[in-house]
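Visitor: Provided below: model02.txt, containing compact mmCIF, C-alpha atoms and all ligand atoms.
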# COMPACT_ATOMS: atom_id res chain seq x y z
CA MET A 3 -7.10 -20.34 -2.68
CA ASN A 4 -3.38 -20.50 -3.34
CA GLY A 5 -1.94 -17.17 -2.20
CA ILE A 6 1.32 -15.60 -3.30
CA ILE A 7 3.77 -18.04 -1.70
CA GLU A 8 2.42 -21.01 -3.67
CA ASN A 9 1.82 -18.96 -6.81
CA TYR A 10 5.39 -17.69 -7.01
CA LYS A 11 7.36 -20.37 -5.18
CA GLU A 12 10.34 -20.20 -7.55
CA LEU A 13 10.81 -16.53 -6.77
CA ILE A 14 9.84 -16.27 -3.10
CA ASP A 15 12.41 -18.19 -1.07
CA ILE A 16 11.03 -19.63 2.19
CA GLY A 17 13.58 -22.45 2.51
CA ASN A 18 12.05 -25.46 4.28
CA ALA A 19 9.16 -23.51 5.76
CA ARG A 20 5.60 -24.64 5.10
CA PRO A 21 3.64 -22.25 2.83
CA ILE A 22 0.60 -20.57 4.38
CA SER A 23 -2.11 -18.38 2.90
CA MET A 24 -5.18 -16.31 3.64
CA GLY A 25 -5.83 -15.81 -0.06
CA GLU A 26 -3.67 -12.70 -0.42
CA GLY A 27 -2.65 -11.39 -3.84
CA GLY A 28 -4.43 -12.02 -7.13
CA THR A 29 -6.01 -8.56 -6.82
CA PRO A 30 -7.88 -6.91 -9.72
CA LEU A 31 -5.95 -4.92 -12.32
CA LEU A 32 -8.58 -2.67 -13.89
CA ARG A 33 -8.23 -0.33 -16.85
CA SER A 34 -9.39 3.17 -15.91
CA GLU A 35 -11.29 4.68 -18.83
CA PHE A 36 -11.46 7.97 -16.96
CA LEU A 37 -7.72 8.31 -16.33
CA SER A 38 -6.74 6.88 -19.70
CA LYS A 39 -8.81 9.53 -21.43
CA LYS A 40 -7.75 12.32 -19.11
CA ILE A 41 -4.02 11.96 -19.75
CA ASN A 42 -4.26 10.22 -23.12
CA ALA A 43 -2.55 7.02 -22.00
CA ASP A 44 -3.32 3.42 -21.13
CA VAL A 45 -3.85 3.52 -17.36
CA PHE A 46 -4.47 0.50 -15.14
CA ILE A 47 -5.25 0.38 -11.44
CA LYS A 48 -3.97 -2.39 -9.17
CA VAL A 49 -6.69 -2.64 -6.55
CA GLU A 50 -4.82 -3.73 -3.42
CA GLY A 51 -7.76 -3.00 -1.13
CA CYS A 52 -9.04 -6.42 -2.21
CA ASN A 53 -6.47 -8.25 -0.08
CA PRO A 54 -7.77 -10.20 2.97
CA SER A 55 -7.27 -7.41 5.54
CA GLY A 56 -7.90 -4.64 3.01
CA SER A 57 -4.39 -3.54 2.00
CA PHE A 58 -1.25 -4.71 0.18
CA LYS A 59 0.41 -5.29 3.58
CA ASP A 60 -0.98 -8.85 3.50
CA ARG A 61 1.43 -9.79 0.67
CA GLY A 62 4.42 -9.16 2.87
CA MET A 63 2.82 -10.30 6.09
CA VAL A 64 2.07 -13.79 4.81
CA VAL A 65 5.78 -14.41 4.14
CA ALA A 66 6.90 -12.80 7.42
CA VAL A 67 4.41 -14.95 9.36
CA CYS A 68 5.33 -18.08 7.42
CA MET A 69 8.95 -17.61 8.52
CA ALA A 70 7.97 -16.63 12.08
CA LEU A 71 6.08 -19.92 12.42
CA HIS A 72 9.01 -21.82 10.95
CA ASN A 73 11.34 -20.19 13.49
CA LYS A 74 8.98 -21.00 16.38
CA LYS A 75 8.16 -17.38 17.22
CA LYS A 76 5.21 -16.70 19.51
CA VAL A 77 4.57 -12.96 19.21
CA LEU A 78 4.28 -10.62 16.23
CA VAL A 79 5.18 -7.01 17.08
CA CYS A 80 4.86 -3.95 14.90
CA ALA A 81 4.70 -0.19 15.06
CA SER A 82 2.00 0.87 12.70
CA THR A 83 -0.11 3.75 11.48
CA GLY A 84 -2.76 1.14 10.87
CA ASN A 85 -2.62 -1.30 8.00
CA THR A 86 0.42 -3.26 9.11
CA SER A 87 -1.27 -3.82 12.46
CA ALA A 88 -4.54 -4.88 10.80
CA SER A 89 -2.65 -7.35 8.65
CA ALA A 90 -0.37 -8.70 11.40
CA SER A 91 -3.23 -9.28 13.79
CA ALA A 92 -5.33 -11.06 11.14
CA TYR A 93 -2.53 -13.53 10.38
CA ALA A 94 -1.73 -13.89 14.09
CA ALA A 95 -5.35 -14.81 14.77
CA LYS A 96 -5.45 -17.40 12.02
CA PHE A 97 -2.10 -18.98 12.78
CA GLY A 98 -2.23 -19.02 16.59
CA LEU A 99 0.22 -16.23 17.42
CA VAL A 100 -0.07 -13.24 19.74
CA SER A 101 0.06 -9.83 18.06
CA ALA A 102 1.19 -6.68 19.83
CA ILE A 103 0.60 -3.35 18.14
CA ILE A 104 2.58 -0.27 19.16
CA VAL A 105 0.90 2.89 17.88
CA PRO A 106 1.16 6.63 18.40
CA ASN A 107 -1.68 7.77 20.66
CA GLY A 108 -4.34 9.57 18.56
CA ASN A 109 -3.92 10.19 14.79
CA ILE A 110 -5.00 6.69 13.77
CA ALA A 111 -7.79 5.95 11.33
CA LYS A 112 -10.45 4.18 13.38
CA GLY A 113 -11.33 1.57 10.79
CA LYS A 114 -7.84 0.13 10.98
CA LEU A 115 -7.45 0.01 14.74
CA SER A 116 -10.89 -1.56 15.01
CA GLN A 117 -9.66 -4.37 12.76
CA ALA A 118 -6.70 -5.08 15.05
CA MET A 119 -9.02 -4.98 18.06
CA ALA A 120 -11.48 -7.37 16.44
CA PHE A 121 -8.63 -9.77 15.67
CA GLY A 122 -7.68 -9.71 19.37
CA ALA A 123 -4.38 -7.82 19.18
CA LYS A 124 -2.75 -6.22 22.22
CA ILE A 125 -2.91 -2.50 21.45
CA ILE A 126 -0.18 -0.43 23.08
CA ALA A 127 -0.59 3.32 22.54
CA ILE A 128 2.59 5.26 23.32
CA ASP A 129 2.92 8.93 24.06
CA GLY A 130 4.96 9.71 20.93
CA SER A 131 5.08 9.67 17.13
CA PHE A 132 5.20 6.79 14.68
CA ASP A 133 8.95 7.17 14.49
CA ASP A 134 9.20 6.84 18.29
CA ALA A 135 7.14 3.67 18.09
CA LEU A 136 9.45 2.26 15.43
CA ASN A 137 12.50 2.99 17.60
CA ILE A 138 11.03 0.97 20.46
CA VAL A 139 10.20 -1.89 18.11
CA ARG A 140 13.75 -2.01 16.75
CA LYS A 141 14.99 -2.60 20.31
CA LEU A 142 12.67 -5.61 20.74
CA GLU A 143 14.44 -7.42 17.91
CA ASN A 144 16.77 -9.31 20.25
CA TYR A 145 14.07 -11.16 22.18
CA ASP A 146 13.83 -14.81 21.04
CA GLU A 147 10.07 -15.28 20.99
CA ILE A 148 9.37 -11.98 19.20
CA GLU A 149 9.14 -11.43 15.45
CA ILE A 150 9.20 -7.82 14.27
CA VAL A 151 6.90 -7.49 11.28
CA ASN A 152 7.48 -3.86 10.33
CA SER A 153 8.85 -3.16 6.88
CA ILE A 154 12.38 -3.56 8.29
CA ASN A 155 11.48 -7.28 8.19
CA PRO A 156 13.11 -8.46 4.93
CA TYR A 157 10.40 -11.06 4.27
CA ARG A 158 7.84 -8.28 3.92
CA ILE A 159 9.61 -6.99 0.81
CA GLU A 160 9.90 -10.56 -0.51
CA GLY A 161 6.13 -10.97 -0.36
CA GLN A 162 5.23 -7.52 -1.62
CA LYS A 163 7.28 -7.97 -4.79
CA SER A 164 4.61 -10.48 -5.93
CA ALA A 165 2.40 -7.59 -7.04
CA ALA A 166 4.96 -6.74 -9.75
CA PHE A 167 4.87 -10.36 -10.98
CA GLU A 168 1.08 -10.26 -11.18
CA ILE A 169 1.12 -7.08 -13.26
CA LEU A 170 3.63 -8.51 -15.74
CA ASP A 171 1.75 -11.83 -15.90
CA GLU A 172 -1.50 -10.05 -16.67
CA ILE A 173 -0.66 -7.19 -19.03
CA GLY A 174 3.02 -7.67 -19.89
CA GLU A 175 5.63 -4.96 -19.67
CA ILE A 176 4.61 -1.43 -18.73
CA ASP A 177 6.24 2.00 -19.16
CA SER A 178 5.68 3.50 -15.71
CA LEU A 179 4.48 2.61 -12.22
CA CYS A 180 2.92 5.27 -9.96
CA ILE A 181 2.81 4.42 -6.27
CA PRO A 182 2.26 6.16 -2.90
CA VAL A 183 5.35 6.27 -0.67
CA GLY A 184 5.42 6.19 3.12
CA ASN A 185 8.13 4.00 4.62
CA ALA A 186 9.06 3.18 1.01
CA GLY A 187 8.93 -0.59 1.46
CA ASN A 188 6.40 -1.04 -1.30
CA ILE A 189 8.23 0.92 -4.00
CA THR A 190 11.35 -1.06 -3.03
CA ALA A 191 9.44 -4.33 -3.35
CA TYR A 192 7.95 -3.54 -6.76
CA TRP A 193 11.34 -2.57 -8.12
CA LYS A 194 12.85 -5.81 -6.81
CA GLY A 195 9.99 -7.78 -8.35
CA PHE A 196 10.30 -6.10 -11.74
CA LYS A 197 14.05 -6.73 -11.81
CA GLU A 198 13.72 -10.40 -10.86
CA TYR A 199 11.11 -11.02 -13.56
CA ARG A 200 13.26 -9.15 -16.08
CA ASP A 201 16.14 -11.51 -15.33
CA LYS A 202 13.84 -14.47 -15.85
CA PHE A 203 11.68 -13.42 -18.77
CA LYS A 204 13.46 -10.43 -20.37
CA PHE A 205 10.94 -7.67 -19.77
CA LYS A 206 11.64 -3.99 -20.23
CA LEU A 207 11.81 -2.37 -16.79
CA PRO A 208 9.28 0.39 -16.01
CA LYS A 209 10.13 3.82 -14.68
CA MET A 210 9.27 4.03 -10.98
CA TYR A 211 7.42 7.12 -9.73
CA GLY A 212 6.84 7.47 -6.00
CA PHE A 213 4.52 10.10 -4.52
CA GLN A 214 4.63 11.48 -1.00
CA ALA A 215 2.16 13.85 0.65
CA GLU A 216 3.47 17.42 0.72
CA GLY A 217 3.41 17.60 4.54
CA ALA A 218 5.22 14.26 4.81
CA SER A 219 7.77 14.33 2.01
CA PRO A 220 11.23 13.63 3.51
CA ILE A 221 12.56 11.92 0.38
CA VAL A 222 11.53 14.80 -1.87
CA ARG A 223 13.04 17.36 0.49
CA GLY A 224 16.09 15.27 1.28
CA GLU A 225 15.67 15.63 5.04
CA VAL A 226 13.76 14.07 7.92
CA VAL A 227 10.38 15.69 8.57
CA LYS A 228 9.92 16.07 12.34
CA ASN A 229 6.14 16.38 12.53
CA PRO A 230 4.69 14.97 9.31
CA GLU A 231 1.13 16.07 8.58
CA THR A 232 -1.31 14.86 5.94
CA ILE A 233 -4.84 13.57 5.58
CA ALA A 234 -3.26 10.43 4.10
CA THR A 235 -2.45 8.71 7.42
CA ALA A 236 -0.91 5.62 5.81
CA ILE A 237 1.90 7.73 4.35
CA ARG A 238 2.32 10.16 7.24
CA ILE A 239 5.97 9.17 7.69
CA GLY A 240 8.82 11.56 8.47
CA ASN A 241 11.80 9.20 8.30
CA PRO A 242 11.20 6.30 5.87
CA ALA A 243 12.71 2.92 6.80
CA SER A 244 13.61 2.12 3.16
CA TRP A 245 14.71 5.63 2.15
CA ASP A 246 17.92 4.57 0.35
CA LYS A 247 16.26 1.71 -1.50
CA ALA A 248 13.52 4.03 -2.74
CA ASN A 249 16.11 6.46 -4.08
CA GLU A 250 17.87 3.58 -5.78
CA ALA A 251 14.63 2.42 -7.44
CA VAL A 252 13.77 5.82 -8.87
CA THR A 253 17.35 6.64 -9.89
CA ASP A 254 18.05 3.28 -11.55
CA SER A 255 14.70 3.29 -13.37
CA LYS A 256 15.00 6.98 -14.36
CA GLY A 257 11.72 7.77 -12.60
CA GLY A 258 11.30 10.15 -9.67
CA VAL A 259 9.87 10.95 -6.25
CA HIS A 260 7.55 13.94 -5.99
CA SER A 261 4.97 15.33 -3.63
CA VAL A 262 1.25 15.96 -3.99
CA SER A 263 -0.90 18.19 -1.79
CA ASP A 264 -3.73 16.97 0.41
CA SER A 265 -6.27 18.67 -1.85
CA GLU A 266 -4.81 16.92 -4.90
CA ILE A 267 -5.02 13.62 -3.01
CA VAL A 268 -8.64 14.25 -2.03
CA GLU A 269 -9.54 15.19 -5.61
CA SER A 270 -8.14 11.89 -6.93
CA TYR A 271 -9.68 9.96 -4.04
CA LYS A 272 -13.10 11.31 -4.98
CA ASN A 273 -12.66 10.78 -8.70
CA LEU A 274 -11.53 7.21 -8.18
CA ALA A 275 -14.80 6.49 -6.39
CA ARG A 276 -17.03 8.47 -8.77
CA LYS A 277 -15.42 7.56 -12.10
CA ASP A 278 -13.90 4.15 -11.50
CA GLY A 279 -16.08 2.73 -8.72
CA ILE A 280 -13.05 2.13 -6.51
CA PHE A 281 -13.30 3.20 -2.88
CA CYS A 282 -9.80 3.60 -1.48
CA GLU A 283 -8.28 5.30 1.54
CA PRO A 284 -6.72 8.76 0.98
CA ALA A 285 -3.07 7.59 0.94
CA SER A 286 -3.94 5.12 -1.80
CA ALA A 287 -4.90 7.95 -4.15
CA ALA A 288 -1.48 9.65 -3.97
CA GLY A 289 -0.14 7.70 -6.95
CA ILE A 290 -3.04 8.84 -9.10
CA ALA A 291 -2.79 12.43 -7.87
CA GLY A 292 0.87 12.29 -8.93
CA LEU A 293 0.06 10.74 -12.29
CA ILE A 294 -2.24 13.65 -13.09
CA LYS A 295 -0.05 16.40 -11.61
CA PHE A 296 3.09 15.30 -13.45
CA SER A 297 1.55 13.87 -16.61
CA GLU A 298 2.98 16.66 -18.77
CA SER A 299 6.39 17.05 -17.19
CA HIS A 300 7.00 13.28 -17.29
CA LYS A 301 5.38 12.80 -20.70
CA PHE A 302 2.97 10.11 -19.49
CA SER A 303 0.86 10.58 -22.63
CA GLY A 304 0.89 7.48 -24.84
CA GLN A 305 2.38 5.27 -22.12
CA LYS A 306 1.12 2.08 -20.52
CA ILE A 307 0.94 2.87 -16.81
CA VAL A 308 -0.06 1.10 -13.62
CA CYS A 309 -1.18 3.04 -10.53
CA VAL A 310 -1.05 1.11 -7.29
CA VAL A 311 -4.11 1.80 -5.13
CA THR A 312 -2.89 0.48 -1.83
CA GLY A 313 -5.82 0.12 0.59
CA ASN A 314 -9.58 -0.04 1.05
CA GLY A 315 -11.70 3.09 1.65
CA LEU A 316 -13.75 1.44 4.38
CA LYS A 317 -10.72 1.78 6.64
CA ASP A 318 -11.16 5.52 6.93
CA PRO A 319 -14.88 6.36 7.11
CA GLU A 320 -14.21 9.77 8.72
CA THR A 321 -12.46 11.03 5.60
CA SER A 322 -15.14 9.85 3.23
CA GLU A 323 -17.81 11.45 5.37
CA LYS A 324 -15.92 14.73 5.33
CA HIS A 325 -14.69 14.84 1.73
CA ALA A 326 -16.69 12.45 -0.42
CA SER A 327 -20.21 12.34 0.97
CA SER A 328 -23.38 13.10 -0.96
CA ASP A 329 -26.75 14.54 0.06
CA ILE A 330 -29.38 12.45 1.77
CA PHE A 331 -32.88 13.31 0.50
CA GLU A 332 -35.47 13.13 3.24
CA VAL A 333 -38.94 12.50 1.85
CA GLY A 334 -42.28 11.02 2.82
CA ALA A 335 -42.79 7.24 2.76
CA ASN A 336 -44.61 7.22 -0.57
CA ILE A 337 -43.72 6.38 -4.13
CA ASN A 338 -44.39 9.86 -5.56
CA ASP A 339 -41.90 11.57 -3.27
CA VAL A 340 -39.29 8.92 -4.04
CA LEU A 341 -39.85 9.16 -7.81
CA LYS A 342 -39.42 12.94 -7.69
CA ILE A 343 -35.88 12.47 -6.44
CA ILE A 344 -34.98 9.58 -8.71
CA ARG A 345 -36.16 11.39 -11.84
C1 LIG A 401 1.65 1.10 4.11
C2 LIG A 401 0.81 1.85 3.17
C3 LIG A 401 1.34 2.76 2.25
C4 LIG A 401 2.79 3.11 2.20
O1 LIG A 401 3.60 2.02 1.82
P1 LIG A 401 5.17 2.06 2.17
O2 LIG A 401 5.65 0.70 1.86
O3 LIG A 401 5.26 2.40 3.62
O4 LIG A 401 5.78 3.11 1.33
C5 LIG A 401 0.48 3.38 1.38
N1 LIG A 401 -0.85 3.13 1.40
C6 LIG A 401 -1.40 2.26 2.27
C7 LIG A 401 -2.87 2.05 2.24
C8 LIG A 401 -0.59 1.59 3.18
O5 LIG A 401 -1.15 0.75 4.05
Once you've parsed the file, please lay out its structure as structure tokens.

Guide:
Amino acid sequence: MNGIIENYKELIDIGNARPISMGEGGTPLLRSEFLSKKINADVFIKVEGCNPSGSFKDRGMVVAVCMALHNKKKVLVCASTGNTSASASAYAAKFGLVSAIIVPNGNIAKGKLSQAMAFGAKIIAIDGSFDDALNIVRKLENYDEIEIVNSINPYRIEGQKSAAFEILDEIGEIDSLCIPVGNAGNITAYWKGFKEYRDKFKFKLPKMYGFQAEGASPIVRGEVVKNPETIATAIRIGNPASWDKANEAVTDSKGGVHSVSDSEIVESYKNLARKDGIFCEPASAAGIAGLIKFSESHKFSGQKIVCVVTGNGLKDPETSEKHASSDIFEVGANINDVLKIIR
């Protein structure tokens, strides 16, 4: 499998470094009949949970790790609510690096931390928030053998922009993109990708719509949120690293950043599983919750729209058990009892 570095080598600059891959990118772009009908538009879902470690983070990580290897780094370090650590430790395992994960103690979806553990990462749980963890990581930047792979790493954005190329390659230009926003690296990357392809192939640029969770919506409110709270752990961010770039993307594209409530997120999370057969983690459903909530005010009707569904539902089994479970029928071990339920 080629991976994004080989697939888009004219647009992802790695200098003299040797391309690597774990088969990231090339994720499904599925038309949602349910959403298309519901808002009377042409709605597609980019299923990023199909990346090697189960989220879009692999697109950026492969480029960051490619450059880390080229620059003879030995250790990958990140502060992470989960998916960045899962991704970093997977690539570290494959390419012979050490990974060190700095996380806030508690408040982490188990599925994600168990990935990092399985990949053999050093897990360091600090007594503090995600933002505290990120501050410590920033200070490690000056040590020679260490590569910081948080979204402040510019190669992450370079890799993540490949998702925009894939969309344009597959279905051509679109009117709007709806995407969850946490640290705002991904919305920044898509916007960069769309602009670079526009320069090359003369596409119309889409409007960019970012969606934060109500309890973690610093960009919407215009101020840092001290203790962000939401069921959507992957976007529980109070002080986004790429705040300015996100504002630039939505302003330049004439889109917007809005918030959606946890119950709106859960509703979309459930519908995505029940109507589209896509099992995502709660944060991943924020873009769809936003699409539905703002479909009238932003006149989404009649448009061609892509919703980015960022990560795999298996990462957060606690939430699915709580909010999207179904009954288990306990019956005798005979065909008649079973048929009664089936019929
Ligand atoms: C990282 C992540 C996000 C948020 O992306 P940002 O680039 O931080 O805005 C959303 N969903 C999932 C599943 C993630 O892993």

Visitor: Find the distance between CA of Val308 in chain A and CA of Thr253 in chain A and write it in Å to one decimal.

Guide: 18.6 Å

Visitor: Which residues, written as a list of chain:residue names, have at least one atom at most 9 Å from Gly187 in chain A, with all atoms listed in the file counted and residues fewer than 4 positions away on the same chain left out?

Guide: A:Ser153, A:Ile154, A:Arg158, A:Ile159, A:Gln162, A:Val183, A:Ala191, A:Tyr192, A:Pro242, A:Ala243, A:Ser244, A:Trp245, A:Lys247, A:Ala248

Visitor: Counting all atoms listed in the file, which residues come within 12 Å of (-11.4, -7.2, 15.1), with the point read in the file's coordinates, and could you list them as a list of chain:residue names?

Guide: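 With a cut-off of 12 Å, the residues come to A:Ser55, A:Ser87, A:Ala88, A:Ser89, A:Ala90, A:Ser91, A:Ala92, A:Tyr93, A:Ala94, A:Ala95, A:Lys112, A:Gly113, A:Lys114, A:Leu115, A:Ser116, A:Gln117, A:Ala118, A:Met119, A:Ala120, A:Phe121, A:Gly122, A:Ala123, A:Lys124, A:Ile125.
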
Visitor: Range 304-313 of chain A, all listed atoms, 8 Å padding on each side: what axis-aligned box centre and edge lengths in Å to one decimal come out, as lines of an AutoDock Vina configuration file?

Guide:
center_x = -1.7
center_y = 3.8
center_z = -12.1
size_x = 24.2
size_y = 23.4
size_z = 41.4

Visitor: Leaving out Val222 in chain A and any residue of its chain fewer than 4 positions from it, which residues lie within 7 Å of it when counting all atoms listed in the file, given as a list in words?

Guide: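 Listed by chain and then number, they are Val259, His260 and Ser261 of chain A.
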
Visitor: Can I get the residues of chain A within 6 Å of ligand LIG 401 (chain A), each with the closest pair of atoms and their distance in Å to one decimal, using all atoms listed in the file, sorted chain first then ascending number, as JSON lines?

Guide:
{"residue": "A:Ser57", "atom": "CA", "partner": "A:LIG401", "partner_atom": "O5", "distance": 5.8}
{"residue": "A:Asn85", "atom": "CA", "partner": "A:LIG401", "partner_atom": "O5", "distance": 4.7}
{"residue": "A:Pro182", "atom": "CA", "partner": "A:LIG401", "partner_atom": "C5", "distance": 5.4}
{"residue": "A:Val183", "atom": "CA", "partner": "A:LIG401", "partner_atom": "O4", "distance": 3.8}
{"residue": "A:Gly184", "atom": "CA", "partner": "A:LIG401", "partner_atom": "O4", "distance": 3.6}
{"residue": "A:Asn185", "atom": "CA", "partner": "A:LIG401", "partner_atom": "O3", "distance": 3.4}
{"residue": "A:Ala186", "atom": "CA", "partner": "A:LIG401", "partner_atom": "O4", "distance": 3.3}
{"residue": "A:Gly187", "atom": "CA", "partner": "A:LIG401", "partner_atom": "O2", "distance": 3.5}
{"residue": "A:Asn188", "atom": "CA", "partner": "A:LIG401", "partner_atom": "O2", "distance": 3.7}
{"residue": "A:Ala236", "atom": "CA", "partner": "A:LIG401", "partner_atom": "C8", "distance": 4.8}
{"residue": "A:Ile237", "atom": "CA", "partner": "A:LIG401", "partner_atom": "C4", "distance": 5.2}
{"residue": "A:Ala285", "atom": "CA", "partner": "A:LIG401", "partner_atom": "N1", "distance": 5.0}
{"residue": "A:Ser286", "atom": "CA", "partner": "A:LIG401", "partner_atom": "N1", "distance": 4.9}
{"residue": "A:Thr312", "atom": "CA", "partner": "A:LIG401", "partner_atom": "C7", "distance": 4.4}
{"residue": "A:Gly313", "atom": "CA", "partner": "A:LIG401", "partner_atom": "C7", "distance": 3.9}

Visitor: Using all atoms listed in the file, tabulate the residues of range 115-190 of chain A lying at most 9 Å from any atom of range 22-41 of chain A, each with its closest atom pair and that distance in Å to one decimal, by chain and increasing residue number, as a tab-separated table.

Guide:
residue	atom	partner	partner_atom	distance
A:Ser164	CA	A:Gly27	CA	7.6
A:Ala165	CA	A:Gly27	CA	7.1
A:Glu168	CA	A:Gly28	CA	7.1
A:Ile169	CA	A:Leu31	CA	7.5
A:Glu172	CA	A:Leu31	CA	8.1
A:Ile173	CA	A:Leu31	CA	8.8

Visitor: Would you work out the distance separating CA of Lys342 in chain A from CA of Ser327 in chain A, expressed in Å to one decimal?

Guide: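 We find that CA of Lys342 in chain A and CA of Ser327 in chain A lie 21.1 Å from each other.
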
Visitor: Leaving out range 142-146 of chain A and any residue of its chain fewer than 5 positions from it, which residues lie within 12 Å of it when counting all atoms listed in the file, given as number ranges by chain?

Guide: A: 70, 73-81, 102, 104, 135-137, 151-152, 154-155

Visitor: Using only C-alpha atoms, which residue out of A:Arg223, A:Lys194, A:Lys228, A:His300 lies closest to Ala251 in chain A?

Guide: A:Lys194

Visitor: Using only C-alpha atoms, which residues sit within 8 Å of Thr232 in chain A once same-chain residues fewer than 3 positions away are excluded, as a list in words?

Guide: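 The contact residues come out as Ala215, Glu216, Gly217, Ala218, Thr235, Ile237, Arg238 and Asp264 of chain A.
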
Visitor: From the options A:Val262, A:Val311, A:Ile294, A:Ile148, which residue's atoms come nearest to Asp278 in chain A, counting only C-alpha atoms?

Guide: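 Closest residue, counting only C-alpha atoms: A:Val311.
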
Visitor: What does the distance from CA of Met69 in chain A to CA of Ala19 in chain A come to in Å, to one decimal?

Guide: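 CA of Ala19 in chain A lies at a distance of 6.5 Å from CA of Met69 in chain A.
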